[in-house]
Structures are given as C-alpha cells and as structure tokens.
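Shown here: target.cif, mmCIF, C-alpha atoms.
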```cif
data_data
#
loop_
_atom_site.group_PDB
_atom_site.id
_atom_site.type_symbol
_atom_site.label_atom_id
_atom_site.label_comp_id
_atom_site.auth_asym_id
_atom_site.auth_seq_id
_atom_site.Cartn_x
_atom_site.Cartn_y
_atom_site.Cartn_z
ATOM 1 C CA MET A 41 -10.493 -12.515 18.079
ATOM 2 C CA ASN A 42 -8.756 -15.134 15.975
ATOM 3 C CA ALA A 43 -6.196 -14.718 13.171
ATOM 4 C CA ALA A 44 -8.848 -14.569 10.446
ATOM 5 C CA HIS A 45 -10.703 -11.796 12.261
ATOM 6 C CA PHE A 46 -7.496 -9.840 12.751
ATOM 7 C CA HIS A 47 -6.553 -10.248 9.095
ATOM 8 C CA LEU A 48 -9.995 -9.004 8.044
ATOM 9 C CA LEU A 49 -9.554 -6.044 10.381
ATOM 10 C CA VAL A 50 -6.201 -4.927 8.965
ATOM 11 C CA ASN A 51 -6.245 -6.100 5.345
ATOM 12 C CA HIS A 52 -8.090 -3.020 4.095
ATOM 13 C CA LEU A 53 -5.453 -0.611 5.417
ATOM 14 C CA PRO A 54 -2.811 -1.425 2.756
ATOM 15 C CA ILE A 55 -5.448 -0.634 0.141
ATOM 16 C CA MET A 56 -6.927 2.465 1.758
ATOM 17 C CA PHE A 57 -3.686 4.210 2.743
ATOM 18 C CA PRO A 58 -2.339 4.387 -0.846
ATOM 19 C CA LEU A 59 -5.779 5.409 -2.105
ATOM 20 C CA ILE A 60 -6.136 8.196 0.443
ATOM 21 C CA GLY A 61 -2.456 9.115 0.012
ATOM 22 C CA GLY A 62 -2.996 9.360 -3.740
ATOM 23 C CA ILE A 63 -5.980 11.666 -3.314
ATOM 24 C CA VAL A 64 -4.067 13.885 -0.892
ATOM 25 C CA PHE A 65 -1.086 13.852 -3.268
ATOM 26 C CA ALA A 66 -3.308 14.938 -6.178
ATOM 27 C CA VAL A 67 -4.606 17.826 -4.056
ATOM 28 C CA GLY A 68 -1.028 18.792 -3.179
ATOM 29 C CA LEU A 69 -0.015 18.733 -6.829
ATOM 30 C CA PHE A 70 -3.087 20.717 -7.890
ATOM 31 C CA PHE A 71 -2.460 23.453 -5.326
ATOM 32 C CA LYS A 72 1.350 23.180 -5.598
ATOM 33 C CA ASN A 73 1.476 22.795 -1.847
ATOM 34 C CA GLU A 74 4.499 20.996 -0.397
ATOM 35 C CA PRO A 75 3.036 20.391 3.092
ATOM 36 C CA ILE A 76 0.041 18.628 1.550
ATOM 37 C CA LYS A 77 2.342 16.502 -0.625
ATOM 38 C CA ARG A 78 4.444 15.685 2.429
ATOM 39 C CA THR A 79 1.313 14.582 4.242
ATOM 40 C CA SER A 80 0.519 12.262 1.336
ATOM 41 C CA PHE A 81 4.012 10.767 1.505
ATOM 42 C CA PHE A 82 3.486 10.023 5.194
ATOM 43 C CA ILE A 83 0.091 8.417 4.483
ATOM 44 C CA ILE A 84 1.665 6.254 1.748
ATOM 45 C CA LEU A 85 4.420 5.285 4.188
ATOM 46 C CA LEU A 86 1.726 4.144 6.630
ATOM 47 C CA GLY A 87 0.403 1.990 3.788
ATOM 48 C CA GLY A 88 3.701 0.128 3.652
ATOM 49 C CA ILE A 89 3.687 -0.426 7.397
ATOM 50 C CA SER A 90 0.102 -1.663 7.337
ATOM 51 C CA THR A 91 1.016 -4.005 4.484
ATOM 52 C CA ALA A 92 3.549 -5.726 6.713
ATOM 53 C CA ILE A 93 0.888 -6.198 9.399
ATOM 54 C CA ALA A 94 -1.625 -7.601 6.907
ATOM 55 C CA MET A 95 0.959 -9.969 5.428
ATOM 56 C CA PHE A 96 1.990 -11.141 8.878
ATOM 57 C CA SER A 97 -1.601 -11.954 9.764
ATOM 58 C CA GLY A 98 -2.346 -13.749 6.489
ATOM 59 C CA GLU A 99 -0.813 -17.110 7.409
ATOM 60 C CA GLY A 100 -2.923 -17.467 10.531
ATOM 61 C CA ALA A 101 -6.029 -16.512 8.599
ATOM 62 C CA GLU A 102 -5.177 -19.112 5.954
ATOM 63 C CA GLU A 103 -5.066 -21.863 8.568
ATOM 64 C CA ILE A 104 -8.602 -21.001 9.667
ATOM 65 C CA VAL A 105 -10.152 -20.248 6.275
ATOM 66 C CA GLU A 106 -8.925 -23.385 4.534
ATOM 67 C CA LYS A 107 -11.151 -25.434 6.852
ATOM 68 C CA ILE A 108 -14.305 -23.676 5.611
ATOM 69 C CA PRO A 109 -16.311 -25.825 3.170
ATOM 70 C CA GLY A 110 -16.163 -24.505 -0.385
ATOM 71 C CA ILE A 111 -12.845 -22.698 0.086
ATOM 72 C CA THR A 112 -10.240 -24.380 -2.084
ATOM 73 C CA LYS A 113 -6.495 -24.228 -1.749
ATOM 74 C CA LYS A 114 -6.429 -22.759 -5.259
ATOM 75 C CA ILE A 115 -8.475 -19.741 -4.186
ATOM 76 C CA ILE A 116 -6.245 -19.178 -1.187
ATOM 77 C CA HIS A 117 -3.113 -19.686 -3.292
ATOM 78 C CA ASN A 118 -4.269 -17.174 -5.913
ATOM 79 C CA HIS A 119 -4.977 -14.607 -3.205
ATOM 80 C CA GLU A 120 -1.634 -15.272 -1.529
ATOM 81 C CA GLU A 121 0.307 -14.911 -4.799
ATOM 82 C CA ALA A 122 -1.475 -11.653 -5.655
ATOM 83 C CA ALA A 123 -0.865 -10.369 -2.119
ATOM 84 C CA GLU A 124 2.868 -11.088 -2.322
ATOM 85 C CA VAL A 125 3.290 -9.044 -5.506
ATOM 86 C CA PHE A 126 1.089 -6.260 -4.145
ATOM 87 C CA ALA A 127 3.004 -6.211 -0.856
ATOM 88 C CA LEU A 128 6.407 -6.036 -2.522
ATOM 89 C CA LEU A 129 5.403 -3.089 -4.682
ATOM 90 C CA ASN A 130 3.624 -1.381 -1.789
ATOM 91 C CA TYR A 131 6.835 -1.679 0.271
ATOM 92 C CA ILE A 132 8.809 -0.135 -2.579
ATOM 93 C CA LEU A 133 6.251 2.672 -2.912
ATOM 94 C CA ALA A 134 6.393 3.300 0.840
ATOM 95 C CA LEU A 135 10.190 3.505 0.764
ATOM 96 C CA LEU A 136 10.018 5.860 -2.202
ATOM 97 C CA ALA A 137 7.455 8.012 -0.388
ATOM 98 C CA GLY A 138 9.640 8.076 2.721
ATOM 99 C CA PHE A 139 12.635 9.089 0.636
ATOM 100 C CA ASN A 140 10.591 11.756 -1.140
ATOM 101 C CA LEU A 141 9.354 13.043 2.222
ATOM 102 C CA TRP A 142 12.953 13.401 3.372
ATOM 103 C CA ALA A 143 14.028 15.008 0.069
ATOM 104 C CA SER A 144 11.135 17.462 0.223
ATOM 105 C CA LEU A 145 11.913 18.423 3.821
ATOM 106 C CA LYS A 146 15.574 18.949 2.924
ATOM 107 C CA GLY A 147 14.655 21.037 -0.141
ATOM 108 C CA LYS A 148 16.393 18.708 -2.593
ATOM 109 C CA LEU A 149 15.818 19.743 -6.194
ATOM 110 C CA TYR A 150 15.247 16.164 -7.338
ATOM 111 C CA ALA A 151 12.246 15.801 -5.002
ATOM 112 C CA LYS A 152 9.913 17.120 -7.694
ATOM 113 C CA TYR A 153 11.150 14.423 -10.101
ATOM 114 C CA LEU A 154 10.416 11.750 -7.525
ATOM 115 C CA ASN A 155 6.784 12.862 -7.719
ATOM 116 C CA TYR A 156 6.522 11.164 -11.113
ATOM 117 C CA ALA A 157 7.715 7.892 -9.602
ATOM 118 C CA ILE A 158 5.158 8.290 -6.805
ATOM 119 C CA ILE A 159 2.376 8.770 -9.365
ATOM 120 C CA ALA A 160 3.441 5.693 -11.330
ATOM 121 C CA GLY A 161 3.856 3.664 -8.151
ATOM 122 C CA LEU A 162 0.436 4.664 -6.886
ATOM 123 C CA LEU A 163 -1.238 3.634 -10.127
ATOM 124 C CA ILE A 164 0.486 0.250 -10.111
ATOM 125 C CA VAL A 165 -0.142 -0.392 -6.403
ATOM 126 C CA LEU A 166 -3.813 0.569 -6.643
ATOM 127 C CA PHE A 167 -4.278 -1.769 -9.605
ATOM 128 C CA LEU A 168 -2.586 -4.594 -7.696
ATOM 129 C CA ALA A 169 -4.655 -3.789 -4.600
ATOM 130 C CA LYS A 170 -7.817 -4.329 -6.634
ATOM 131 C CA GLN A 171 -6.431 -7.589 -8.034
ATOM 132 C CA THR A 172 -5.492 -8.847 -4.571
ATOM 133 C CA GLY A 173 -8.735 -7.809 -2.940
ATOM 134 C CA THR A 174 -10.865 -9.541 -5.574
ATOM 135 C CA SER A 175 -8.736 -12.668 -5.975
ATOM 136 C CA GLY A 176 -10.800 -14.742 -3.606
ATOM 137 C CA GLY A 177 -9.198 -13.896 -0.297
#
```
Let's see the structure in the file written out as structure tokens.
Amino acid sequence: MNAAHFHLLVNHLPIMFPLIGGIVFAVGLFFKNEPIKRTSFFIILLGGISTAIAMFSGEGAEEIVEKIPGITKKIIHNHEEAAEVFALLNYILALLAGFNLWASLKGKLYAKYLNYAIIAGLLIVLFLAKQTGTSGG
C-alpha cells in the first residue's frame, strides 16, 4: 500500500465521523438523552483525530497523484487549500466536543449552551467537508 492508497483509505473518516456524530447528536437532543449526546461528542472527537491522520497522509498522496496524466497542480492545490480550512475547523469542533463531553460528565450548567456551538460547528464542518471532497482531490 502506498501513500495515495492510505490517504484514500482514511480520507473519508474526517467526513463520516462528524456526519454520524451529528446524527447521533440530533437523536440525543430529540430524546433529551445525555448519554447519547456524550456518545456523539466522542464520535466528533474521533473525527478530529482522523482528520490529523488524513492530513498527514495527504502529502505522500500528492507526490504520487501529481504524476498521473491529466492531474494538474491547480486541482491538487485547490483540494489542499480546501482541506486545510476543513481540517482547522474540524480540529476546533473536536476540541469543542471534547470540552462539552467533559462539561456534560461533570454536570456543568453551561454544557447545554455548548450544544448550540456544536450544532453550528457541525453545519460548518459538514459544508466544508463537501467542498473539500468535491474539490478535485
């Protein structure tokens, strides 16, 4: 397995974890169930970790893919730029989810207000995930 194969293997995880985490979070909100919301925070946190793995593998994949006929540096550059913005915001969302997980476990009153930030973060990250995934990578 080369770097491009590995990148293809892991690059869907940063997209799927926030998506699945968002669905689980919506279920937790609907049923007003803290353990389900906590599970979603953990899933979103995994999204941040998987983002780091995908970003780490991107450079090696670039070296291989840029040698393929028809693949321009512009396409790769556009994908890389979109991925950097997506990754940064996915890291922030993961940290927020981790903090909200801690706050929920400790019974902090402000944990319910952090839910609004999680919702906003999920919407932004999922939009950026779509942009990154369709940017020619």
Could you tell me which residues the PyMOL selection byres ((chain A and resi 81) around 8) returns for this structure, as a list in words?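 Evaluating the PyMOL selection byres ((chain A and resi 81) around 8) on this file yields Gly61, Phe65, Lys77, Arg78, Thr79, Ser80, Phe82, Ile83, Ile84, Leu85, Ala134, Ala137, Gly138, Asn140 and Leu141 of chain A.
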Choose the residue, out of A:Glu99, A:Thr174, A:Gly110, A:Trp142, that has the smallest atom-to-atom separation from Leu154 (chain A); count only C-alpha atoms. A:Trp142
Would you mind listing what lies within 10 Å of region 45-59 of chain A as a ChimeraX atom specification, with all atoms listed in the file counted and same-chain residues fewer than 5 positions away left out? /A:64-65,80-102,104,126-127,130-131,133-134,161-163,165-170,172-173,177
Using CA of Ile132 (chain A) and CA of Val67 (chain A) as the two end points, give the distance in Å to one decimal. 22.5 Å
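The shell of residues at most 12 Å from Lys113 (chain A), with all atoms listed in the file counted and near chain neighbours (fewer than 6 positions) removed, consists of Glu102, Glu103, Val105, Glu106, Lys107, His119, Glu120, Glu121, Gly176 and Gly177 of chain A.
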Interatomic distance between CA of Lys72 (chain A) and CA of Ala160 (chain A)? 18.5 Å
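Between CA of Ile60 (chain A) and CA of Tyr150 (chain A) there is a distance of 24.1 Å.
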Which residue of A:Ser144, A:Ile158, A:Asn118, A:Leu129 approaches Asn73 (chain A) most closely, using only C-alpha atoms: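 Looking only at the distances to Asn73 (chain A), the closest residue turns out to be A:Ser144.
Using all atoms listed in the file, the smallest distance between any of A:Ile76, A:Val125, A:Ile108, A:Ala143 and Gln171 (chain A) comes from A:Val125.
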